Amino acid sequence: MKLDLIHDIQSVYRKTLNCMARPGTIDCIQEESKKLDINVNFNKSTMILMLMLLDGEVSYKIISRREEEITRIVNQMTFANHSETKDADFIFILSDATPEKINATVRDSKLGDLINPHKSATIIFESEGLSKEKEFTLKGPGIEEVSYARIQAKGNWLEERDKVNNEYPVGIDIIFIDEESNIMCLPRTTQISKQVM
């Protein structure tokens, strides 16, 4: 079965929106990703998110050792504008990115300002795994009391996120996607603390 660019992308959009509204919620886009019949050398679920988020009106940056090759594919598929990290609306951190590059990317992302906080970047971050295990405690809008999450991702992303998100309403939102096509969203309003073992 082939990917339906309207029906399937809308399905992924609804799942992502639900995860963004309820931080810590995990949903799966594997069914839609399996329909992608393009041969890409990275997570097909990340490509699905690219198709959902990118068009000619927005800019993006790929963080990967294969940035040039992947950028060519994304340009052909979405017509979005490739840009530098500091200007990008959407930043895709792929699984082969180094921890140092990840830290610098979160640090250098576009934060918006007090008048236009919506002009901040959204980071789409490939993760090894996502679960509801009690590694992190999540609090904030969309969470009844507390929620828990385990996020297997490289780099000091949490420390860097805390630094750039310390002046609400400016800050970055993060969408995690793992190897099993699970997604979890951490909006800038979510407070995250590491569980003490």
# chains A, B, ... in the order shown; residues from 1 in each chain; ligands from 1

$ residues_around --residues "Ala153 of chain A" --least-positions-apart "2" --cutoff "7 Å" --atoms "only C-alpha atoms" --output "CSV table (one decimal) with N, CA and C atoms, in the first residue's frame"
chain,number,residue,atom,x,y,z
A,127,SER,N,15.5,9.3,18.5
A,127,SER,CA,15.9,8.6,19.7
A,127,SER,C,16.0,7.1,19.6
A,128,GLU,N,16.8,6.5,20.4
A,128,GLU,CA,16.9,5.0,20.4
A,128,GLU,C,15.6,4.4,20.9
A,151,ILE,N,13.6,8.7,27.9
A,151,ILE,CA,14.0,9.1,26.6
A,151,ILE,C,15.5,8.7,26.3
A,155,GLY,N,23.7,13.1,23.9
A,155,GLY,CA,24.0,14.5,24.2
A,155,GLY,C,23.4,15.0,25.5

$ closest_atom_pairs --of "segment 16-82 of chain A" --to "segment 174-179 of chain A" --cutoff "12 Å" --atoms "only C-alpha atoms" --output "tab-separated table"
residue	atom	partner	partner_atom	distance
A:Thr16	CA	A:Ile175	CA	8.2
A:Leu17	CA	A:Ile175	CA	10.4
A:Asn18	CA	A:Ile175	CA	11.8
A:Cys19	CA	A:Ile175	CA	8.8
A:Met20	CA	A:Ile175	CA	8.1
A:Ala21	CA	A:Ile175	CA	11.9
A:Pro23	CA	A:Ile175	CA	10.0
A:Gly24	CA	A:Phe176	CA	10.4
A:Thr25	CA	A:Phe176	CA	11.1
A:Ile26	CA	A:Phe176	CA	9.6
A:Asp27	CA	A:Ile177	CA	9.7
A:Cys28	CA	A:Ile177	CA	9.0
A:Ile29	CA	A:Ile177	CA	9.3
A:Gln30	CA	A:Glu179	CA	9.6
A:Ser33	CA	A:Glu179	CA	11.4
A:Phe42	CA	A:Glu179	CA	10.1
A:Asn43	CA	A:Glu179	CA	7.2
A:Lys44	CA	A:Glu179	CA	9.4
A:Ser45	CA	A:Ile177	CA	7.4
A:Thr46	CA	A:Ile177	CA	7.0
A:Met47	CA	A:Ile177	CA	10.8
A:Ile48	CA	A:Ile177	CA	10.7
A:Leu49	CA	A:Ile177	CA	9.2
A:Met50	CA	A:Ile175	CA	11.8
A:Leu53	CA	A:Ile175	CA	11.5

$ atom_distance --atom1 "atom CA of Ser147 of chain A" --atom2 "atom CA of Arg22 of chain A"
9.4 Å

$ residues_around --residues "Asp113 of chain A" --least-positions-apart "4" --cutoff "8 Å" --atoms "only C-alpha atoms" --output "VMD selection string"
chain A and resid 117 119 to 120 169 to 170

$ residues_around --residues "segment 59-64 of chain A" --least-positions-apart "5" --cutoff "10 Å" --atoms "only C-alpha atoms" --output "count of residues only"
37

$ closest_residue --among "A:Asp8, A:Glu126, A:Glu167, A:Glu67" --to "Asn182 of chain A" --atoms "only C-alpha atoms"
A:Glu126

$ closest_residue --among "A:Glu135, A:Glu160, A:Glu57, A:Glu100" --to "Lys194 of chain A" --atoms "only C-alpha atoms"
A:Glu135

$ closest_residue --among "A:Leu5, A:Ala104, A:Leu114, A:Val12" --to "Ile183 of chain A" --atoms "only C-alpha atoms"
A:Val12

$ select_by_dssp --residues "chain A" --states "helix (DSSP H, G or I)" --output "number ranges by chain"
A: 7-21, 30-33, 44-53, 67-78, 85-87, 99-108, 117-119, 157-164

$ select_by_dssp --residues "segment 42-181 of chain A" --states "strand (DSSP E)" --output "ChimeraX atom specification"
/A:59-63,81-82,90-93,122-127,129-139,147-152,173-178

$ residues_around --residues "Asn166 of chain A" --least-positions-apart "5" --cutoff "12 Å" --atoms "only C-alpha atoms" --output "list in words"
Leu111, Glu159, Glu160, Arg161, Gly171, Ile172, Arg188, Thr189, Thr190, Gln191 and Ile192 of chain A

$ atom_distance --atom1 "atom CA of Leu130 of chain A" --atom2 "atom CA of Lys154 of chain A"
12.8 Å
